[in-house]
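The block underneath contains the structure these notes are about, expressed in structure tokens.
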Amino acid sequence: MSASILISNDDGIYAPGIMALYQAVRPLGEVTVVAPETEQSAVGHAITIADPIKVRPVTRSDGFQGYAVSGTPADCIKLAVGELLPRPPDLVISGINLGPNVGISVIYSGTVSAATEGSILGIPSLAVSLATFQDPLWETAMQAVVPLVRQILRQGLPEHTLLNVNVPNRPVREIRGFRTSRMGRSRFVEVFHRRANPRGDVYYWLDGELQMLGDGVGTDVQAVADNFVAITPLHHDLTHTAALNALGGWCPPWPES
Ligand code: MN
């Protein structure tokens with residue numbers, strides 16, 4: 001039986017990156033696309049509970065058919081697995097994101113959150129990002145996805161693990177291979193642009209640049225800088241285990257009444 005692959009993203013169902021992902025994985029299984037109607041970058045793991053969620057069939061070129069969802073990436077995976085698919089998929093893939101999801105960006109990432117939702121639901125999951133905001137070389141990311149998907153379908157992943165994959169925006173021949181990595185500390189250093197609309201009302205627009213904060217050996221940031229495809233295993237259990245042990249003798253006594 002052919003593998004069932006669910007794909008989503010946070011750049012929206014009309015983004016070039018999800019078309020590239022669709023084309024890369026279509027030969028590997030039965031692909032269903034469930035993705036946000038509009039761009040949802042940086043929504044993190046938000047879900048929609050105070051509004052209805054609408055679903056609309058979408059057809060693009062090259063046989064691409066999917067469902068556009070008026071919600072977040074996490075909504076898309078919940079809805080696909082809970083309602084739209086006849087059975088849970090064998091694999092969830094989110095991407096291909098335009099822009100890196102390395103370092104602290106992982107916390108804000110809608111791309112990663114779609115994959116996180118998959119792993120929460122017990123499905124092997126993959127988030128794929130291309131580390132550029134301009135002149136994307138989708139072909140390189142497509143080449144990276146194929147062996148990863150084959151490997152996961154053959155061997156699976158450790159339980160409740162998702163892989164956060166970041167691909168350097170370099171020609172395929174310059175890529176040195178895959179490298180496992182840990183999440184770095186680099187983050188966007190941000191500025192607010194303060195402007196006024198024609199009516200004189202002030203508004204702010206957030207802008208920023210990824211700053212390398214001394215990320216060193218073994219990080220996702222370093223692997224991408226070294227022209228490796230970075231593979232970082234993530235877990236949705238956010239417990240800081242080392243701190244949990246250190247907190248053992250830390251708790252203050254409960255106040256006497
Ligand atoms: Mn995005």
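If you're wondering about the labels, chains in the structure tokens are A, B, ... by order shown, residues count from 1 in each chain, ligands from 1 in order shown.
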
Nearby polymer residues, ligand 1, at most 8 Å, only C-alpha atoms and all ligand atoms, as number ranges by chain:
A: 9-11, 39-42, 95, 97-99, 109-111

Which residues are close to Phe228 in chain A, i.e. within 9 Å by only C-alpha atoms, leaving aside same-chain residues fewer than 4 positions away? Reply as a PyMOL selection string.
chain A and resi 166-168+175-179+222-224

With N, CA, C and O atoms retained, write the just-selected residues as a PDB file, in the first residue's frame.
ATOM      1  N   ASN A 166      16.812  22.351   7.899  1.00  0.00           N
ATOM      2  CA  ASN A 166      17.131  23.629   7.257  1.00  0.00           C
ATOM      3  C   ASN A 166      18.140  23.408   6.140  1.00  0.00           C
ATOM      4  O   ASN A 166      19.197  22.810   6.368  1.00  0.00           O
ATOM      5  N   VAL A 167      17.790  23.899   4.964  1.00  0.00           N
ATOM      6  CA  VAL A 167      18.582  23.652   3.763  1.00  0.00           C
ATOM      7  C   VAL A 167      19.292  24.947   3.362  1.00  0.00           C
ATOM      8  O   VAL A 167      18.645  25.983   3.195  1.00  0.00           O
ATOM      9  N   PRO A 168      20.623  24.900   3.179  1.00  0.00           N
ATOM     10  CA  PRO A 168      21.328  26.096   2.692  1.00  0.00           C
ATOM     11  C   PRO A 168      20.830  26.465   1.298  1.00  0.00           C
ATOM     12  O   PRO A 168      20.545  25.580   0.490  1.00  0.00           O
ATOM     13  N   ILE A 175      26.252  21.427  -1.840  1.00  0.00           N
ATOM     14  CA  ILE A 175      25.801  20.898  -0.544  1.00  0.00           C
ATOM     15  C   ILE A 175      26.691  19.727  -0.141  1.00  0.00           C
ATOM     16  O   ILE A 175      26.957  18.822  -0.941  1.00  0.00           O
ATOM     17  N   ARG A 176      27.155  19.732   1.116  1.00  0.00           N
ATOM     18  CA  ARG A 176      28.128  18.723   1.574  1.00  0.00           C
ATOM     19  C   ARG A 176      27.475  17.514   2.218  1.00  0.00           C
ATOM     20  O   ARG A 176      28.168  16.568   2.607  1.00  0.00           O
ATOM     21  N   GLY A 177      26.145  17.526   2.345  1.00  0.00           N
ATOM     22  CA  GLY A 177      25.444  16.368   2.904  1.00  0.00           C
ATOM     23  C   GLY A 177      24.534  16.777   4.042  1.00  0.00           C
ATOM     24  O   GLY A 177      24.263  17.969   4.236  1.00  0.00           O
ATOM     25  N   PHE A 178      24.054  15.771   4.792  1.00  0.00           N
ATOM     26  CA  PHE A 178      23.208  16.023   5.956  1.00  0.00           C
ATOM     27  C   PHE A 178      24.073  16.065   7.212  1.00  0.00           C
ATOM     28  O   PHE A 178      25.078  15.353   7.296  1.00  0.00           O
ATOM     29  N   ARG A 179      23.676  16.884   8.194  1.00  0.00           N
ATOM     30  CA  ARG A 179      24.390  16.899   9.474  1.00  0.00           C
ATOM     31  C   ARG A 179      23.357  17.080  10.594  1.00  0.00           C
ATOM     32  O   ARG A 179      22.544  18.003  10.539  1.00  0.00           O
ATOM     33  N   GLN A 222      25.250  26.759  12.509  1.00  0.00           N
ATOM     34  CA  GLN A 222      26.598  26.450  12.040  1.00  0.00           C
ATOM     35  C   GLN A 222      26.557  25.455  10.885  1.00  0.00           C
ATOM     36  O   GLN A 222      27.294  25.598   9.908  1.00  0.00           O
ATOM     37  N   ALA A 223      25.697  24.448  11.005  1.00  0.00           N
ATOM     38  CA  ALA A 223      25.604  23.435   9.942  1.00  0.00           C
ATOM     39  C   ALA A 223      25.217  24.079   8.618  1.00  0.00           C
ATOM     40  O   ALA A 223      25.827  23.802   7.576  1.00  0.00           O
ATOM     41  N   VAL A 224      24.217  24.971   8.656  1.00  0.00           N
ATOM     42  CA  VAL A 224      23.776  25.639   7.428  1.00  0.00           C
ATOM     43  C   VAL A 224      24.900  26.525   6.883  1.00  0.00           C
ATOM     44  O   VAL A 224      25.166  26.549   5.676  1.00  0.00           O
TER      45      VAL A 224
END

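In terms of minimum interatomic distance to Ile96 in chain A, A:Pro16 ranks closest within A:Pro198, A:Pro158, A:Gly29, A:Pro16, counting only C-alpha atoms.
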
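Considering only C-alpha atoms, the residue among A:Leu234, A:Leu84, A:Val34, A:Val43 positioned nearest to Tyr67 in chain A is A:Val34.
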
Taking into account only C-alpha atoms, which residue in the set A:Met212, A:Ala131, A:Ala3, A:Ile231 is nearest to Arg26 in chain A?
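Comparing A:Met212, A:Ala131, A:Ala3, A:Ile231 against Arg26 in chain A, the winner is A:Ala3.
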
Hey, what's within 6 Å of Gln211 in chain A if we count only C-alpha atoms and toss same-chain stuff fewer than 4 positions away? As a PyMOL selection string, please?
chain A and resi 186-188

Can you tell me, as a JSON list (two decimals) with C-alpha atoms, in the first residue's frame, what residues are no more than 9 Å from range 137-152 of chain A when counting only C-alpha atoms, ignoring any on the same chain fewer than 2 positions away?
[["chain", "number", "residue", "atom", "x", "y", "z"],
["A", 16, "PRO", "CA", 5.90, 28.46, -4.24],
["A", 17, "GLY", "CA", 7.50, 26.39, -1.47],
["A", 20, "ALA", "CA", 8.00, 22.51, -4.64],
["A", 21, "LEU", "CA", 7.34, 20.16, -1.69],
["A", 23, "GLN", "CA", 6.39, 18.00, -6.61],
["A", 24, "ALA", "CA", 9.25, 16.47, -4.59],
["A", 25, "VAL", "CA", 7.11, 14.01, -2.59],
["A", 28, "LEU", "CA", 6.78, 8.81, -2.91],
["A", 91, "LEU", "CA", 4.08, 11.21, 7.57],
["A", 93, "ILE", "CA", 5.74, 17.39, 6.16],
["A", 96, "ILE", "CA", 9.13, 24.26, 2.19],
["A", 124, "PRO", "CA", 6.42, 11.01, 12.18],
["A", 125, "SER", "CA", 6.86, 14.65, 11.13],
["A", 126, "LEU", "CA", 9.27, 16.83, 9.25],
["A", 128, "VAL", "CA", 11.63, 21.85, 5.97],
["A", 129, "SER", "CA", 12.94, 25.39, 5.51],
["A", 130, "LEU", "CA", 15.14, 26.97, 2.89],
["A", 132, "THR", "CA", 16.99, 32.45, 2.43],
["A", 135, "ASP", "CA", 16.25, 34.03, -4.82],
["A", 154, "ARG", "CA", 11.43, 2.84, 5.89],
["A", 155, "GLN", "CA", 12.76, 3.27, 9.44],
["A", 156, "GLY", "CA", 10.34, 5.64, 11.20],
["A", 157, "LEU", "CA", 11.51, 8.13, 13.82],
["A", 165, "VAL", "CA", 15.39, 20.51, 8.58],
["A", 166, "ASN", "CA", 17.13, 23.63, 7.26],
["A", 167, "VAL", "CA", 18.58, 23.65, 3.76],
["A", 168, "PRO", "CA", 21.33, 26.10, 2.69],
["A", 169, "ASN", "CA", 20.31, 28.18, -0.32],
["A", 170, "ARG", "CA", 23.16, 26.90, -2.44],
["A", 171, "PRO", "CA", 23.26, 24.97, -5.72],
["A", 172, "VAL", "CA", 22.84, 21.22, -5.20],
["A", 173, "ARG", "CA", 26.49, 20.49, -6.11],
["A", 175, "ILE", "CA", 25.80, 20.90, -0.54],
["A", 177, "GLY", "CA", 25.44, 16.37, 2.90],
["A", 178, "PHE", "CA", 23.21, 16.02, 5.96],
["A", 229, "VAL", "CA", 21.51, 20.35, 5.46]]

What does the distance between CA of Tyr108 in chain A and CA of Thr59 in chain A come to in Å, to one decimal place?
29.2 Å

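The gap separating CA of Arg182 in chain A from CA of Pro36 in chain A is 28.4 Å, in Å to one decimal.
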
Separation of CA of Val92 in chain A and CA of Glu159 in chain A, in Å?
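CA of Val92 in chain A sits 14.0 Å away from CA of Glu159 in chain A.
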
When you count only C-alpha atoms, which of these residues is closest to Val58 in chain A: A:Gly12, A:Gly122, A:Pro253, A:Gly216?
A:Gly12

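The closest residue to Arg60 in chain A, picked from A:Pro136, A:Pro88, A:Glu83, A:Ile18 and counting only C-alpha atoms, is A:Ile18.
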
For the strand (DSSP E) assignment from backbone DSSP, which residues of range 47-240 of chain A qualify? Please present them as number ranges by chain.
A: 55-59, 65-69, 91-98, 125-131, 162-168, 178-180, 187-196, 202-211, 229-234

Please run DSSP on the backbone and report, as a count of residues only, all residues within range 94-184 of chain A that come out as alpha helix (DSSP H).
33

Counting only C-alpha atoms, which residue out of A:Tyr14, A:Trp250, A:Thr116, A:Ser4 sits closest to Pro27 in chain A?
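Closest to Pro27 in chain A of all the choices is A:Ser4.
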
Find the residues near Arg194 in chain A: any atom within 7 Å, counting only C-alpha atoms, skip ones fewer than 5 places away on the same chain, and give them as a ChimeraX atom specification.
/A:202-205

Limited to C-alpha atoms, could you put the picked residues into a file as a PDB file, in the first residue's frame?
ATOM      1  CA  VAL A 202       0.466  55.822  14.331  1.00  0.00           C
ATOM      2  CA  TYR A 203       1.223  52.177  13.676  1.00  0.00           C
ATOM      3  CA  TYR A 204       4.256  49.906  14.100  1.00  0.00           C
ATOM      4  CA  TRP A 205       5.718  47.317  11.763  1.00  0.00           C
TER       5      TRP A 205
END
